[in-house]
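Raw contents of structure_27.csv, CSV, C-alpha atoms:
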```csv
chain,number,residue,atom,x,y,z
A,1,MET,CA,141.4,123.5,92.5
A,2,THR,CA,140.7,127.2,92.2
A,3,LYS,CA,143.4,129.3,93.8
A,4,PRO,CA,142.4,132.2,95.9
A,5,LEU,CA,144.5,135.3,95.2
A,6,SER,CA,146.1,137.0,98.1
A,7,PRO,CA,143.9,139.9,99.2
A,8,GLN,CA,147.0,141.9,100.1
A,9,GLU,CA,148.4,141.6,96.6
A,10,VAL,CA,145.0,142.4,95.0
A,11,ALA,CA,144.5,145.4,97.2
A,12,ARG,CA,147.9,146.7,96.3
A,13,GLN,CA,147.2,146.4,92.6
A,14,ILE,CA,143.8,148.1,92.9
A,15,ARG,CA,145.4,151.0,95.0
A,16,GLU,CA,148.0,151.5,92.2
A,17,HIS,CA,145.2,152.1,89.6
A,18,ILE,CA,142.3,153.5,91.6
A,19,PRO,CA,143.4,155.5,94.7
A,20,ASP,CA,141.1,155.7,97.7
A,21,ALA,CA,138.9,152.8,96.4
A,22,VAL,CA,140.1,150.1,98.8
A,23,THR,CA,139.5,150.7,102.5
A,24,ASP,CA,140.9,147.5,103.9
A,25,PHE,CA,141.7,143.9,103.4
A,26,ASP,CA,141.8,140.8,105.6
A,27,GLU,CA,143.0,137.2,105.2
A,28,SER,CA,140.1,136.4,102.8
A,29,ALA,CA,138.7,139.5,101.2
A,30,VAL,CA,139.3,143.0,99.8
A,31,PHE,CA,137.1,145.8,101.1
A,32,ALA,CA,136.1,148.5,98.7
A,33,ARG,CA,134.2,151.8,99.2
A,34,SER,CA,130.6,151.4,97.9
A,35,GLU,CA,130.9,154.5,95.7
A,36,ALA,CA,134.0,153.0,94.0
A,37,LEU,CA,132.6,149.5,93.7
A,38,PHE,CA,131.9,149.6,90.0
A,39,GLN,CA,135.4,150.9,89.2
A,40,VAL,CA,137.0,148.2,91.4
A,41,ALA,CA,134.9,145.5,89.9
A,42,ARG,CA,135.7,146.6,86.3
A,43,PHE,CA,139.4,146.7,87.2
A,44,LEU,CA,139.2,143.2,88.6
A,45,LYS,CA,137.4,141.9,85.6
A,46,GLN,CA,139.7,143.5,83.0
A,47,ASN,CA,143.1,143.2,84.7
A,48,LEU,CA,142.7,139.9,86.7
A,49,ASP,CA,140.4,138.2,84.2
A,50,LEU,CA,137.7,137.6,86.8
A,51,ASP,CA,135.2,136.7,84.2
A,52,TYR,CA,132.6,134.9,86.4
A,53,LEU,CA,130.6,136.3,89.2
A,54,ALA,CA,129.7,133.2,91.4
A,55,SER,CA,127.5,134.9,93.9
A,56,ILE,CA,126.5,138.1,95.6
A,57,THR,CA,125.5,137.9,99.2
A,58,ALA,CA,124.2,140.6,101.6
A,59,VAL,CA,124.6,140.5,105.3
A,60,ASP,CA,122.8,142.6,107.8
A,61,PHE,CA,125.0,143.9,110.7
A,62,PHE,CA,122.3,146.1,112.1
A,63,GLU,CA,124.3,149.4,111.8
A,64,HIS,CA,125.2,148.7,108.1
A,65,PHE,CA,124.9,146.1,105.4
A,66,GLU,CA,127.8,144.2,103.8
A,67,LEU,CA,127.8,143.0,100.3
A,68,ILE,CA,130.0,140.1,99.4
A,69,TYR,CA,131.0,139.4,95.8
A,70,HIS,CA,132.6,136.0,94.9
A,71,LEU,CA,134.6,136.5,91.7
A,72,THR,CA,136.2,133.6,89.8
A,73,SER,CA,138.4,133.4,86.8
A,74,ILE,CA,137.5,130.5,84.6
A,75,THR,CA,140.5,131.1,82.3
A,76,LYS,CA,143.1,131.6,85.0
A,77,ASN,CA,141.4,129.4,87.6
A,78,HIS,CA,141.8,131.8,90.5
A,79,SER,CA,139.3,133.7,92.7
A,80,VAL,CA,138.9,136.9,94.7
A,81,ILE,CA,136.3,137.9,97.4
A,82,LEU,CA,135.3,141.5,97.2
A,83,LYS,CA,133.3,143.1,100.0
A,84,THR,CA,131.7,146.5,100.4
A,85,ARG,CA,129.7,148.2,103.2
A,86,CYS,CA,126.7,150.4,102.8
A,87,GLU,CA,124.4,152.3,105.1
A,88,LYS,CA,120.7,151.7,105.3
A,89,GLY,CA,119.0,153.5,102.4
A,90,GLU,CA,122.3,153.9,100.6
A,91,LYS,CA,122.4,152.9,96.9
A,92,VAL,CA,125.1,150.7,95.5
A,93,PRO,CA,126.3,150.6,91.9
A,94,SER,CA,125.1,147.6,89.9
A,95,VAL,CA,127.6,145.3,88.3
A,96,ILE,CA,125.2,143.9,85.8
A,97,SER,CA,127.0,145.5,82.9
A,98,LEU,CA,130.1,143.6,83.8
A,99,TRP,CA,128.5,140.2,84.7
A,100,GLN,CA,125.1,139.3,83.4
A,101,GLY,CA,124.7,136.8,86.2
A,102,ALA,CA,124.3,139.7,88.6
A,103,ASP,CA,120.8,140.4,87.3
A,104,PHE,CA,118.7,138.0,89.4
A,105,GLN,CA,121.1,138.1,92.4
A,106,GLU,CA,120.8,141.9,92.7
A,107,ARG,CA,117.0,141.6,92.4
A,108,ASP,CA,117.1,139.0,95.1
A,109,ILE,CA,119.0,141.3,97.5
A,110,PHE,CA,116.7,144.2,96.6
A,111,ASP,CA,113.7,142.0,97.3
A,112,LEU,CA,114.8,140.5,100.6
A,113,MET,CA,117.3,143.0,102.0
A,114,GLY,CA,116.1,146.2,100.5
A,115,ILE,CA,119.4,147.4,99.0
A,116,ALA,CA,118.9,149.4,95.8
A,117,PHE,CA,121.3,149.0,92.9
A,118,VAL,CA,121.9,152.0,90.7
A,119,GLY,CA,122.1,151.1,87.0
A,120,HIS,CA,120.1,147.9,87.2
A,121,PRO,CA,117.7,147.9,84.2
A,122,ASN,CA,114.8,145.9,85.9
A,123,LEU,CA,115.1,146.4,89.6
A,124,LYS,CA,111.9,144.9,91.0
A,125,ARG,CA,110.9,142.1,93.5
A,126,ILE,CA,111.9,138.6,92.3
A,127,PHE,CA,110.6,136.2,95.0
A,128,LEU,CA,107.9,138.1,96.8
A,129,TRP,CA,104.8,139.7,95.2
A,130,ASP,CA,104.2,143.3,94.4
A,131,GLY,CA,102.6,144.9,97.5
A,132,PHE,CA,104.6,142.9,100.1
A,133,LYS,CA,105.6,145.2,102.9
A,134,GLY,CA,109.2,145.5,103.9
A,135,HIS,CA,112.2,143.3,103.3
A,136,PRO,CA,112.0,140.1,105.4
A,137,LEU,CA,115.7,139.1,105.6
A,138,ARG,CA,116.5,142.3,107.5
A,139,LYS,CA,117.2,141.7,111.1
A,140,ASP,CA,114.8,144.3,112.2
A,141,TRP,CA,111.9,143.1,110.1
A,142,SER,CA,109.0,141.4,111.8
A,143,LYS,CA,105.9,139.9,110.4
A,144,ASN,CA,103.6,141.6,112.9
A,145,ALA,CA,105.1,145.0,112.3
A,146,ALA,CA,104.7,144.6,108.6
A,147,GLN,CA,101.0,143.8,108.9
A,148,ASP,CA,100.3,147.0,110.8
B,149,MET,CA,95.8,33.1,112.8
B,150,GLU,CA,92.3,33.6,111.5
B,151,ILE,CA,90.8,37.1,111.8
B,152,LYS,CA,87.1,37.1,112.8
B,153,MET,CA,85.4,39.8,110.7
B,154,PRO,CA,82.2,41.5,112.1
B,155,TYR,CA,80.5,41.0,108.7
B,156,SER,CA,80.7,38.4,105.9
B,157,SER,CA,81.4,39.1,102.2
B,158,SER,CA,77.8,38.1,101.4
B,159,ASP,CA,76.7,41.0,103.7
B,160,LEU,CA,78.8,43.4,101.7
B,161,ASP,CA,77.4,42.1,98.4
B,162,ARG,CA,73.8,42.5,99.7
B,163,ALA,CA,74.5,46.1,100.8
B,164,GLU,CA,76.0,47.0,97.4
B,165,GLY,CA,73.0,45.5,95.6
B,166,LEU,CA,70.6,47.6,97.8
B,167,GLU,CA,72.5,50.8,97.0
B,168,ILE,CA,72.4,50.2,93.3
B,169,GLU,CA,68.8,49.3,93.3
B,170,ALA,CA,68.0,52.5,95.2
B,171,LEU,CA,70.1,54.6,92.7
B,172,ILE,CA,68.2,53.0,89.7
B,173,LYS,CA,64.9,53.9,91.3
B,174,ALA,CA,66.0,57.5,91.9
B,175,SER,CA,67.5,58.0,88.4
B,176,GLN,CA,64.5,57.5,86.1
B,177,GLU,CA,64.5,61.1,84.8
B,178,PRO,CA,67.7,62.9,83.4
B,179,TYR,CA,68.8,66.1,85.1
B,180,PRO,CA,68.1,69.2,83.0
B,181,ASP,CA,71.1,70.7,81.3
B,182,PRO,CA,72.3,73.9,83.2
B,183,ILE,CA,71.2,76.5,80.6
B,184,ALA,CA,68.9,78.6,82.7
B,185,TRP,CA,71.6,81.2,83.2
B,186,MET,CA,71.7,81.8,79.4
B,187,GLU,CA,68.3,83.5,79.5
B,188,GLU,CA,68.8,87.2,78.6
B,189,VAL,CA,67.0,88.7,81.5
B,190,ARG,CA,68.6,86.6,84.2
B,191,ARG,CA,72.0,87.2,82.6
B,192,ASN,CA,71.7,91.0,82.5
B,193,ILE,CA,70.1,92.1,85.7
B,194,LEU,CA,72.3,92.8,88.7
B,195,VAL,CA,70.6,94.3,91.7
B,196,THR,CA,72.6,97.2,93.3
B,197,THR,CA,72.4,100.9,93.9
B,198,VAL,CA,73.6,103.7,91.7
B,199,ASP,CA,75.8,104.9,94.6
B,200,SER,CA,77.5,101.6,94.9
B,201,VAL,CA,78.3,101.3,91.2
B,202,LEU,CA,79.6,104.9,91.0
B,203,ASN,CA,81.6,104.6,94.1
B,204,TRP,CA,83.0,101.3,93.0
B,205,CYS,CA,84.1,102.8,89.7
B,206,ARG,CA,85.6,105.9,91.4
B,207,HIS,CA,87.3,103.8,94.1
B,208,TYR,CA,89.4,101.8,91.6
B,209,SER,CA,90.2,104.6,89.1
B,210,VAL,CA,91.5,107.6,91.1
B,211,TRP,CA,94.0,109.3,88.9
B,212,PRO,CA,96.4,111.6,90.8
B,213,LEU,CA,97.8,114.9,89.6
B,214,ASN,CA,101.5,115.1,89.5
B,215,LEU,CA,101.8,118.2,91.8
B,216,GLY,CA,105.1,118.1,93.5
B,217,LEU,CA,105.9,121.4,95.3
B,218,ALA,CA,108.9,120.4,97.4
B,219,CYS,CA,110.8,117.5,98.9
B,220,CYS,CA,107.6,115.4,99.6
B,221,ALA,CA,107.4,115.1,95.8
B,222,PHE,CA,110.2,112.5,95.9
B,223,GLU,CA,108.3,110.3,98.3
B,224,MET,CA,105.2,110.7,96.0
B,225,ILE,CA,107.4,109.6,93.0
B,226,ALA,CA,108.8,106.7,95.0
B,227,THR,CA,105.2,105.7,95.7
B,228,ALA,CA,104.3,105.9,92.1
B,229,VAL,CA,107.1,103.8,90.7
B,230,SER,CA,107.7,100.0,90.8
B,231,ARG,CA,108.9,99.5,94.4
B,232,PHE,CA,105.7,100.7,96.1
B,233,ASP,CA,103.7,100.8,92.9
B,234,ILE,CA,100.6,103.0,93.1
B,235,SER,CA,99.1,101.0,90.3
B,236,ARG,CA,98.0,98.3,92.8
B,237,PHE,CA,95.4,100.8,93.9
B,238,GLY,CA,94.1,101.5,90.3
B,239,MET,CA,95.9,104.8,90.1
B,240,GLU,CA,98.3,104.0,87.3
B,241,LEU,CA,100.1,107.1,86.2
B,242,LEU,CA,100.5,110.5,87.8
B,243,ARG,CA,98.7,112.7,85.4
B,244,ALA,CA,100.5,115.7,84.0
B,245,SER,CA,97.3,117.6,83.2
B,246,PRO,CA,94.7,118.6,85.8
B,247,ARG,CA,92.0,117.9,83.2
B,248,GLN,CA,92.7,114.1,83.5
B,249,ALA,CA,93.1,114.0,87.2
B,250,ASP,CA,90.7,113.2,90.1
B,251,LEU,CA,93.0,113.5,93.0
B,252,MET,CA,95.4,116.4,93.8
B,253,ILE,CA,98.3,115.2,96.0
B,254,VAL,CA,99.7,118.5,97.4
B,255,ALA,CA,103.2,117.2,98.1
B,256,GLY,CA,105.3,119.9,99.7
B,257,THR,CA,105.4,123.5,100.9
B,258,LEU,CA,102.9,125.9,99.4
B,259,THR,CA,104.1,129.5,99.2
B,260,TRP,CA,101.7,132.4,98.8
B,261,LYS,CA,103.3,133.1,95.5
B,262,MET,CA,102.5,129.6,94.3
B,263,ALA,CA,99.0,129.6,95.9
B,264,PRO,CA,97.1,131.3,92.9
B,265,ALA,CA,98.6,128.7,90.6
B,266,LEU,CA,97.5,125.8,92.9
B,267,LYS,CA,94.0,127.3,93.1
B,268,ARG,CA,93.8,127.5,89.3
B,269,VAL,CA,95.0,124.0,88.8
B,270,TYR,CA,92.4,122.8,91.4
B,271,ASP,CA,89.7,124.7,89.5
B,272,GLN,CA,90.7,123.0,86.3
B,273,MET,CA,90.2,119.5,87.6
B,274,PRO,CA,86.9,117.9,86.7
B,275,GLU,CA,84.4,116.9,89.3
B,276,PRO,CA,84.4,114.7,91.3
B,277,LYS,CA,87.8,115.6,92.7
B,278,TRP,CA,89.6,115.0,96.0
B,279,VAL,CA,92.6,116.6,97.6
B,280,LEU,CA,95.3,114.9,99.7
B,281,ALA,CA,97.6,117.1,101.8
B,282,MET,CA,100.9,115.3,102.0
B,283,GLY,CA,103.4,116.3,104.7
B,284,ALA,CA,103.7,118.8,107.5
B,285,CYS,CA,104.0,121.8,105.2
B,286,ALA,CA,100.8,121.0,103.2
B,287,ILE,CA,98.9,120.3,106.4
B,288,SER,CA,99.8,123.4,108.5
B,289,GLY,CA,102.9,125.1,107.0
B,290,GLY,CA,105.0,122.8,109.1
B,291,PRO,CA,108.3,124.3,110.2
B,292,PHE,CA,107.4,127.4,108.2
B,293,TYR,CA,104.1,128.0,110.0
B,294,ASP,CA,105.0,131.5,111.0
B,295,SER,CA,106.8,132.4,107.8
B,296,TYR,CA,106.1,135.5,105.7
B,297,SER,CA,106.0,133.5,102.5
B,298,VAL,CA,104.4,130.1,103.3
B,299,VAL,CA,100.7,129.3,103.4
B,300,PRO,CA,99.9,127.8,106.8
B,301,GLY,CA,98.0,124.8,105.5
B,302,VAL,CA,96.6,124.3,102.0
B,303,ASN,CA,93.1,124.1,103.4
B,304,ARG,CA,93.4,127.9,103.4
B,305,ILE,CA,93.3,127.7,99.6
B,306,ILE,CA,91.3,124.5,98.7
B,307,PRO,CA,89.3,122.0,100.7
B,308,VAL,CA,91.3,118.9,101.8
B,309,ASP,CA,89.9,115.4,102.1
B,310,VAL,CA,92.8,113.5,103.6
B,311,TYR,CA,95.8,114.7,105.6
B,312,VAL,CA,99.0,112.5,105.6
B,313,PRO,CA,101.4,113.7,108.3
B,314,GLY,CA,105.2,113.2,108.1
B,315,CYS,CA,108.2,115.2,107.1
B,316,PRO,CA,108.2,113.7,104.5
B,317,PRO,CA,105.7,110.8,104.9
B,318,ARG,CA,107.1,107.5,103.8
B,319,PRO,CA,105.4,105.9,100.8
B,320,GLU,CA,103.6,103.5,103.1
B,321,ALA,CA,102.0,106.5,104.8
B,322,LEU,CA,100.9,108.0,101.5
B,323,LEU,CA,99.5,104.6,100.4
B,324,HIS,CA,97.6,104.4,103.8
B,325,GLY,CA,96.2,107.9,103.1
B,326,ILE,CA,95.1,106.7,99.7
B,327,ILE,CA,93.3,103.8,101.3
B,328,MET,CA,91.6,106.2,103.7
B,329,LEU,CA,90.5,108.2,100.6
B,330,HIS,CA,89.1,105.0,99.1
B,331,GLN,CA,87.1,104.4,102.2
B,332,LYS,CA,85.8,108.0,102.0
B,333,ILE,CA,84.9,107.5,98.3
B,334,ASP,CA,83.0,104.3,99.3
B,335,LYS,CA,80.7,106.4,101.6
B,336,ASP,CA,80.0,109.0,98.9
B,337,SER,CA,76.5,109.5,97.7
B,338,LEU,CA,74.7,111.3,94.9
B,339,LEU,CA,72.3,112.7,97.4
B,340,LYS,CA,74.9,114.4,99.5
B,341,LYS,CA,75.2,118.2,99.5
B,342,ARG,CA,78.4,119.4,98.0
```

Encoding of this model in structure tokens:
Amino acid sequence: MTKPLSPQEVARQIREHIPDAVTDFDESAVFARSEALFQVARFLKQNLDLDYLASITAVDFFEHFELIYHLTSITKNHSVILKTRCEKGEKVPSVISLWQGADFQERDIFDLMGIAFVGHPNLKRIFLWDGFKGHPLRKDWSKNAAQD
Amino acid sequence: MEIKMPYSSSDLDRAEGLEIEALIKASQEPYPDPIAWMEEVRRNILVTTVDSVLNWCRHYSVWPLNLGLACCAFEMIATAVSRFDISRFGMELLRASPRQADLMIVAGTLTWKMAPALKRVYDQMPEPKWVLAMGACAISGGPFYDSYSVVPGVNRIIPVDVYVPGCPPRPEALLHGIIMLHQKIDKDSLLKKR
């Protein structure tokens, strides 16, 4: 069974190397500032051997979005959950240069949630067609409003 | 105890003699051998209509297209294989190519992104062709009727001959739909306006 690393311990290690990157942690996840997300992700990959990105999820909390990265180490068999918050319209650094698997997932989030990833080489819609109005998984999106 | 018979044995002999005499009298000429059916003309003319023959051929050789879009596809596959056995209705295999297919079974949810592909595959099928909308999604969009990405009924894209409701329909329901299609084919005519 994959062992989840203690977020408190992971946050302490990140703070030692990258000051001001980690804002908070709770019982399950480490919260990073969105500007420092790439540095934190690179640190986790290099120092904690988190060589596999299982998933990226985006959640709409109305006043901000939250991105959730599920990181796993195949060699060490442990895992970390990394979260970050971003405002509407804010751009987030892409982690595609660290994990190739981020490619389609970041395009998915861009398509349905409308969060742009800086550094993604091919950021375009993946499920919906070119010309679709809006991002339908946003809470404030409605079909009728999009048709107007 | 002696049993009193209503007739004597000489009565029986007389009746038998009369029957044989009558048969001899009636059997003076031999019956002709039954070869009339071997005449070419009688053997090769069958009176019917062009419609009946064409519909009969089409009825028993509808080849479906293997078009599984979502979960309904598994019920379609179950219908095709040995337990329910679509071959009983002359359908044999689900064809992998639209060029070889007569019936498009739209099994599952059609999204707007998939719709151009479905339209193209339909256009590639040779005439005459039929469409069977299988399941709630294909009929009306089903639970996704109001969705941003799902076509609310495949009849927005292509004309549909038979609707089979269910979510998903059981194989029996699909077979019933196929029988309904057979009944529709039987009523087809060359003179009808397409």

Which chain A residues are at most 10 Å from chain B (counting all atoms listed in the file), as an NGL selection string?
:A and (127-129 or 132 or 136 or 142-144 or 146)

For each of B:Glu223, B:Asp271, B:Asp199, B:Asp233, take the minimum atom-to-atom distance to Pro246 (chain B), counting only C-alpha atoms, then give the residue where this is smallest.
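For Pro246 (chain B), the nearest of the given residues is B:Asp271.
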
Surrounding residues of Ser94 (chain A) excluding itself and chain neighbours under 3 positions, 9 Å, all atoms listed in the file, as a PDB file with C-alpha atoms, in the frame of the given file:
```
ATOM      1  CA  LEU A  37     132.600 149.500  93.700  1.00  0.00           C
ATOM      2  CA  PHE A  38     131.900 149.600  90.000  1.00  0.00           C
ATOM      3  CA  SER A  97     127.000 145.500  82.900  1.00  0.00           C
ATOM      4  CA  LEU A  98     130.100 143.600  83.800  1.00  0.00           C
ATOM      5  CA  ALA A 102     124.300 139.700  88.600  1.00  0.00           C
ATOM      6  CA  ASP A 103     120.800 140.400  87.300  1.00  0.00           C
ATOM      7  CA  GLU A 106     120.800 141.900  92.700  1.00  0.00           C
ATOM      8  CA  ALA A 116     118.900 149.400  95.800  1.00  0.00           C
ATOM      9  CA  PHE A 117     121.300 149.000  92.900  1.00  0.00           C
ATOM     10  CA  VAL A 118     121.900 152.000  90.700  1.00  0.00           C
ATOM     11  CA  GLY A 119     122.100 151.100  87.000  1.00  0.00           C
ATOM     12  CA  HIS A 120     120.100 147.900  87.200  1.00  0.00           C
TER      13      HIS A 120
END
```

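Of the listed residues A:Trp99, A:Ala41, A:Phe25, A:Thr84, the one whose atoms come nearest to Ala54 (chain A) is A:Trp99, with distances taken using all atoms listed in the file.
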
For Val310 (chain B), the nearest of the candidates B:Val210, B:Ile193, B:Ile253, B:Ile168, counting all atoms listed in the file
B:Ile253

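As for CA of Ala174 (chain B) and CA of Leu160 (chain B), they are spaced 21.4 Å apart.
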
How far is it from CA of Met239 (chain B) to CA of Val198 (chain B), in Å with one decimal?
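Going from CA of Met239 (chain B) over to CA of Val198 (chain B), I get 22.4 Å.
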
With all atoms listed in the file as the counted atoms, please give the residues lying no more than 10 Å from Ile115 (chain A), apart from itself and same-chain residues fewer than 5 positions off, as a count of residues only.
16

Which residue of A:Ser34, A:Gln39, A:Ser28, A:Gln46 approaches Arg15 (chain A) most closely, using all atoms listed in the file
A:Gln39

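Interatomic distance, CA of Gly238 (chain B) against CA of Ile326 (chain B): 10.8 Å.
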
Contacts of Ser245 (chain B) within 8 Å, all atoms listed in the file, excl. fewer than 2 positions in-chain, as a ChimeraX atom specification
/B:213-214,243,247-249

Incomplete region 157-179 of chain B brought to N, CA, C and O atoms, written out as an mmCIF file, keeping the file's coordinate frame:
```
data_model
loop_
_atom_site.group_PDB
_atom_site.id
_atom_site.type_symbol
_atom_site.label_atom_id
_atom_site.label_comp_id
_atom_site.auth_asym_id
_atom_site.auth_seq_id
_atom_site.Cartn_x
_atom_site.Cartn_y
_atom_site.Cartn_z
ATOM 1 N N SER B 157 81.393 38.467 103.589
ATOM 2 C CA SER B 157 81.400 39.100 102.200
ATOM 3 C C SER B 157 80.059 39.076 101.611
ATOM 4 O O SER B 157 79.738 39.952 100.811
ATOM 5 N N SER B 158 79.182 38.125 101.993
ATOM 6 C CA SER B 158 77.800 38.100 101.400
ATOM 7 C C SER B 158 77.034 39.343 101.959
ATOM 8 O O SER B 158 76.207 39.917 101.247
ATOM 9 N N ASP B 159 77.339 39.810 103.201
ATOM 10 C CA ASP B 159 76.700 41.000 103.700
ATOM 11 C C ASP B 159 77.099 42.243 102.862
ATOM 12 O O ASP B 159 76.249 43.071 102.513
ATOM 13 N N LEU B 160 78.384 42.326 102.510
ATOM 14 C CA LEU B 160 78.800 43.400 101.700
ATOM 15 C C LEU B 160 78.137 43.418 100.322
ATOM 16 O O LEU B 160 77.702 44.457 99.796
ATOM 17 N N ASP B 161 78.032 42.196 99.705
ATOM 18 C CA ASP B 161 77.400 42.100 98.400
ATOM 19 C C ASP B 161 75.931 42.542 98.483
ATOM 20 O O ASP B 161 75.440 43.262 97.608
ATOM 21 N N ARG B 162 75.246 42.165 99.575
ATOM 22 C CA ARG B 162 73.800 42.500 99.700
ATOM 23 C C ARG B 162 73.696 44.063 99.857
ATOM 24 O O ARG B 162 72.848 44.678 99.215
ATOM 25 N N ALA B 163 74.583 44.687 100.643
ATOM 26 C CA ALA B 163 74.500 46.100 100.800
ATOM 27 C C ALA B 163 74.771 46.879 99.506
ATOM 28 O O ALA B 163 74.082 47.851 99.175
ATOM 29 N N GLU B 164 75.740 46.355 98.720
ATOM 30 C CA GLU B 164 76.000 47.000 97.400
ATOM 31 C C GLU B 164 74.817 46.890 96.508
ATOM 32 O O GLU B 164 74.433 47.859 95.829
ATOM 33 N N GLY B 165 74.170 45.701 96.485
ATOM 34 C CA GLY B 165 73.000 45.500 95.600
ATOM 35 C C GLY B 165 71.873 46.452 95.987
ATOM 36 O O GLY B 165 71.272 47.077 95.116
ATOM 37 N N LEU B 166 71.634 46.643 97.315
ATOM 38 C CA LEU B 166 70.600 47.600 97.800
ATOM 39 C C LEU B 166 70.847 48.990 97.307
ATOM 40 O O LEU B 166 69.968 49.724 96.848
ATOM 41 N N GLU B 167 72.119 49.416 97.384
ATOM 42 C CA GLU B 167 72.500 50.800 97.000
ATOM 43 C C GLU B 167 72.241 51.032 95.531
ATOM 44 O O GLU B 167 71.696 52.067 95.126
ATOM 45 N N ILE B 168 72.625 50.053 94.699
ATOM 46 C CA ILE B 168 72.400 50.200 93.300
ATOM 47 C C ILE B 168 70.972 50.216 92.901
ATOM 48 O O ILE B 168 70.532 51.039 92.087
ATOM 49 N N GLU B 169 70.200 49.328 93.565
ATOM 50 C CA GLU B 169 68.800 49.300 93.300
ATOM 51 C C GLU B 169 68.131 50.658 93.613
ATOM 52 O O GLU B 169 67.327 51.192 92.859
ATOM 53 N N ALA B 170 68.551 51.239 94.750
ATOM 54 C CA ALA B 170 68.000 52.500 95.200
ATOM 55 C C ALA B 170 68.365 53.616 94.159
ATOM 56 O O ALA B 170 67.555 54.484 93.816
ATOM 57 N N LEU B 171 69.621 53.578 93.650
ATOM 58 C CA LEU B 171 70.100 54.600 92.700
ATOM 59 C C LEU B 171 69.280 54.482 91.382
ATOM 60 O O LEU B 171 68.880 55.498 90.791
ATOM 61 N N ILE B 172 69.023 53.239 90.925
ATOM 62 C CA ILE B 172 68.200 53.000 89.700
ATOM 63 C C ILE B 172 66.843 53.622 89.870
ATOM 64 O O ILE B 172 66.323 54.316 89.005
ATOM 65 N N LYS B 173 66.274 53.398 91.043
ATOM 66 C CA LYS B 173 64.900 53.900 91.300
ATOM 67 C C LYS B 173 64.897 55.428 91.294
ATOM 68 O O LYS B 173 63.955 56.043 90.793
ATOM 69 N N ALA B 174 65.962 56.049 91.818
ATOM 70 C CA ALA B 174 66.000 57.500 91.900
ATOM 71 C C ALA B 174 66.433 58.177 90.617
ATOM 72 O O ALA B 174 66.384 59.397 90.488
ATOM 73 N N SER B 175 66.905 57.438 89.630
ATOM 74 C CA SER B 175 67.500 58.000 88.400
ATOM 75 C C SER B 175 66.661 57.763 87.187
ATOM 76 O O SER B 175 67.205 57.532 86.111
ATOM 77 N N GLN B 176 65.325 57.803 87.298
ATOM 78 C CA GLN B 176 64.500 57.500 86.100
ATOM 79 C C GLN B 176 64.407 58.669 85.171
ATOM 80 O O GLN B 176 64.204 58.477 83.987
ATOM 81 N N GLU B 177 64.562 59.915 85.656
ATOM 82 C CA GLU B 177 64.500 61.100 84.800
ATOM 83 C C GLU B 177 65.912 61.729 84.719
ATOM 84 O O GLU B 177 66.604 61.788 85.735
ATOM 85 N N PRO B 178 66.343 62.239 83.504
ATOM 86 C CA PRO B 178 67.700 62.900 83.400
ATOM 87 C C PRO B 178 67.606 64.308 84.107
ATOM 88 O O PRO B 178 66.562 64.954 84.112
ATOM 89 N N TYR B 179 68.733 64.725 84.650
ATOM 90 C CA TYR B 179 68.800 66.100 85.100
ATOM 91 C C TYR B 179 68.737 67.059 83.959
ATOM 92 O O TYR B 179 69.279 66.782 82.884
#
```
